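Asker: Take a look at the following structure, please.
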Amino acid sequence: MTLNAWVHGWAISRGTPAPVAVDDGWRIEVGLQNHRRRYVLDDPRHETLTRLGREQAVPGTWIKIAGEAGRLRAALPPGWEHGETLHLMTTTFVAGEVTAPPPPYTIRLTGEGALVTAAVLDGEERIAASAKLVTVGDFGIVDQVETEPAHRRRGLGSIVMRLLANHARDLGVHRGVLVATGDGRHLYRSLGWAVRAPIAAAYVPEPRTP
């Protein structure tokens, strides 16, 4: 259920078509250069991986699994490259006071329904840090957590995460899910998130343009 919620929340956050169920997971038509199609598989069988590796070795195709990178390396044929292993994380949203950012920063929460964006704005109302929350059933999926380089190490990422946690609680949503980079997981752990599984990745690169 956790990975299912994340997959569907990710698609809403990124504005892609809805995920399609396939063996051991889902397929998403992302439609971007170098990321045309994505398979996300939940503890897939070896035969599923070998079949996809053989039949879907099309440039721009990605496979992500809830599992160790070694499983992908053992199953996929030559031509697939291996990406960074990410981390599936969960939390129980706890309402709490959001510390106001120091001047000249201000905070903003926009959107309605299933998708909202929390942001910290600088003195010229440019986005310094932001993150999205997508609600899928009783899960809140946090995605696209970003702090602009010039504004890092000022606690702005923590502020947007707490804004989203409070908003989730206001909606009656208590379970949080996200997928973190190696660097990002340290921030999320400090906010009460726990790692549940590695998310290993492989892809077929597209030819480089001159």
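Here's how to read the names in the structure tokens: chain A, B, ... by the order shown, residue numbers from 1 in each chain, ligand numbers from 1 in the order shown.
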Using only C-alpha atoms, determine which residues lie at most 7 Å from range 121-127 of chain A, disregarding the query and same-chain residues fewer than 6 positions distant; provide the list as an MDAnalysis selection string.
Answerer: chainID A and resid 104:107
Asker: Just the residues within 7 Å of range 2-14 of chain A, please, counting only C-alpha atoms, with nothing from its chain fewer than 5 positions along; format it as a VMD selection string.
Answerer: chain A and resid 19 134 to 136 139 141 143 177 to 178
Asker: Could you turn the residues from that selection into a file that holds C-alpha atoms, as a PDB file, in the first residue's frame?
Answerer:
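Generated output (result_16.pdb):
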ATOM      1  CA  PRO A  19       0.007   4.766 -13.458  1.00  0.00           C
ATOM      2  CA  VAL A 134      -0.383  15.003  -2.665  1.00  0.00           C
ATOM      3  CA  THR A 135      -3.130  13.163  -0.796  1.00  0.00           C
ATOM      4  CA  VAL A 136      -3.944   9.642  -1.982  1.00  0.00           C
ATOM      5  CA  PHE A 139      -1.609   8.831   2.668  1.00  0.00           C
ATOM      6  CA  ILE A 141       2.923  11.957  -0.413  1.00  0.00           C
ATOM      7  CA  ASP A 143       7.469  15.310  -3.400  1.00  0.00           C
ATOM      8  CA  VAL A 177       5.406   8.798   2.347  1.00  0.00           C
ATOM      9  CA  LEU A 178       8.323  10.114   0.313  1.00  0.00           C
TER      10      LEU A 178
END
Asker: Enumerate, as a count of residues only, the complete set of residues in chain A that a backbone-based DSSP assignment places in strand (DSSP E or B).
Answerer: 84
Asker: How many Å separate CA of Glu206 in chain A from CA of Leu41 in chain A?
Answerer: 22.1 Å
Asker: Name the closest residue to Arg38 in chain A among the candidates A:Gly176, A:Val204, A:Asp170, A:Thr90; distances are taken between atoms, counting only C-alpha atoms.
Answerer: A:Val204
Asker: Which residue gives the smallest distance to Leu133 in chain A among A:Leu88, A:Ala201, A:Val173, A:Val120, with only C-alpha atoms counted?
Answerer: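 Comparing A:Leu88, A:Ala201, A:Val173, A:Val120 against Leu133 in chain A, the winner is A:Val173.
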Asker: For a quick check of understanding, using only C-alpha atoms, which of A:Arg54, A:Ile28, A:Leu163, A:Trp80 has the smallest distance to Thr110 in chain A?
Answerer: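 Checking each candidate against Thr110 in chain A, we get A:Leu163 as the closest.
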Asker: As a compact mmCIF listing (two decimals) with N, CA and C atoms, in the first residue's frame, please: all residues of range 14-159 of chain A that backbone DSSP puts in alpha helix (DSSP H).
Answerer:
# COMPACT_ATOMS: atom_id res chain seq x y z
N ARG A 14 3.80 15.20 -10.61
CA ARG A 14 4.56 15.49 -11.83
C ARG A 14 3.68 15.75 -13.04
N HIS A 46 12.34 -12.15 -10.02
CA HIS A 46 13.50 -12.10 -10.92
C HIS A 46 13.06 -12.21 -12.37
N GLU A 47 12.09 -13.08 -12.65
CA GLU A 47 11.65 -13.26 -14.03
C GLU A 47 10.97 -12.01 -14.58
N THR A 48 10.31 -11.24 -13.71
CA THR A 48 9.72 -9.98 -14.17
C THR A 48 10.82 -9.01 -14.60
N LEU A 49 11.87 -8.93 -13.80
CA LEU A 49 12.97 -8.03 -14.12
C LEU A 49 13.69 -8.45 -15.40
N THR A 50 13.95 -9.73 -15.54
CA THR A 50 14.66 -10.17 -16.75
C THR A 50 13.82 -9.94 -18.00
N ARG A 51 12.52 -10.16 -17.90
CA ARG A 51 11.65 -9.92 -19.06
C ARG A 51 11.61 -8.45 -19.42
N LEU A 52 11.44 -7.58 -18.43
CA LEU A 52 11.43 -6.15 -18.71
C LEU A 52 12.77 -5.70 -19.28
N GLY A 53 13.84 -6.20 -18.71
CA GLY A 53 15.17 -5.83 -19.20
C GLY A 53 15.38 -6.20 -20.64
N ARG A 54 14.80 -7.30 -21.04
CA ARG A 54 14.94 -7.77 -22.42
C ARG A 54 13.97 -7.06 -23.36
N GLU A 55 12.71 -6.90 -22.93
CA GLU A 55 11.67 -6.40 -23.83
C GLU A 55 11.54 -4.88 -23.84
N ALA A 69 19.99 -2.80 -5.07
CA ALA A 69 20.50 -2.58 -6.43
C ALA A 69 21.07 -3.85 -7.03
N GLY A 70 21.60 -4.74 -6.20
CA GLY A 70 22.16 -5.99 -6.71
C GLY A 70 21.15 -6.83 -7.45
N ARG A 71 19.88 -6.73 -7.09
CA ARG A 71 18.85 -7.50 -7.79
C ARG A 71 18.70 -7.01 -9.23
N LEU A 72 18.79 -5.70 -9.43
CA LEU A 72 18.73 -5.18 -10.79
C LEU A 72 19.97 -5.58 -11.59
N ARG A 73 21.12 -5.45 -10.96
CA ARG A 73 22.36 -5.79 -11.66
C ARG A 73 22.37 -7.25 -12.10
N ALA A 74 21.80 -8.11 -11.28
CA ALA A 74 21.79 -9.55 -11.61
C ALA A 74 20.78 -9.89 -12.69
N ALA A 75 19.74 -9.08 -12.85
CA ALA A 75 18.65 -9.43 -13.75
C ALA A 75 18.71 -8.76 -15.11
N LEU A 156 15.16 26.28 5.87
CA LEU A 156 13.96 26.52 5.08
C LEU A 156 13.28 25.22 4.66
N GLY A 157 14.09 24.18 4.40
CA GLY A 157 13.52 22.88 4.05
C GLY A 157 12.67 22.32 5.18
N SER A 158 13.14 22.48 6.41
CA SER A 158 12.36 22.02 7.57
C SER A 158 11.05 22.78 7.69
N ILE A 159 11.07 24.06 7.37
CA ILE A 159 9.85 24.87 7.47
C ILE A 159 8.79 24.38 6.49
Asker: Can you pull out every residue within 7 Å of Val40 in chain A, counting only C-alpha atoms, but drop anything in the same chain fewer than 2 positions away, and send it as a list in words?
Answerer: Gly25, Trp26, Arg27, Arg38, Asp42, Ile63, Lys64 and Ile65 of chain A
Asker: Output N, CA and C atoms of each residue in that selection to a file, as a tab-separated table (two decimals), in the first residue's frame.
Answerer:
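In the end it all went to out.tsv:
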chain	number	residue	atom	x	y	z
A	25	GLY	N	3.91	-4.36	-10.30
A	25	GLY	CA	4.02	-2.92	-10.09
A	25	GLY	C	3.21	-2.09	-11.06
A	26	TRP	N	3.82	-1.00	-11.53
A	26	TRP	CA	3.12	-0.01	-12.34
A	26	TRP	C	4.03	0.54	-13.43
A	27	ARG	N	3.38	1.04	-14.49
A	27	ARG	CA	4.08	1.73	-15.57
A	27	ARG	C	3.53	3.15	-15.65
A	38	ARG	N	8.57	4.92	-17.16
A	38	ARG	CA	9.11	4.45	-15.88
A	38	ARG	C	8.29	3.26	-15.40
A	42	ASP	N	7.28	-3.39	-6.97
A	42	ASP	CA	7.28	-3.64	-5.53
A	42	ASP	C	7.78	-5.06	-5.27
A	63	ILE	N	13.62	1.66	-14.80
A	63	ILE	CA	13.03	0.67	-13.89
A	63	ILE	C	13.47	1.03	-12.48
A	64	LYS	N	12.51	1.17	-11.58
A	64	LYS	CA	12.80	1.39	-10.16
A	64	LYS	C	12.14	0.29	-9.36
A	65	ILE	N	12.84	-0.24	-8.38
A	65	ILE	CA	12.29	-1.32	-7.58
A	65	ILE	C	12.46	-1.03	-6.09
Asker: Between A:Ala202, A:Leu171, A:Pro44, A:Pro77, which is the closest to Gly137 in chain A once you count only C-alpha atoms?
Answerer: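 Closest residue, counting only C-alpha atoms: A:Leu171.
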Asker: Write out as a ChimeraX atom specification the residues lying within 9 Å of Gly192 in chain A, counting only C-alpha atoms and excluding same-chain residues fewer than 2 positions away.
Answerer: /A:90-93,188-190,194
Asker: For a quick check of understanding, using only C-alpha atoms, which of A:His82, A:His151, A:Arg45, A:Lys132 has the smallest distance to Ala165 in chain A?
Answerer: A:Lys132
Asker: Given only C-alpha atoms as the basis, pick out the residue of A:Gly67, A:Gly60, A:Gly155, A:Pro102 nearest to Leu187 in chain A.
Answerer: A:Gly155
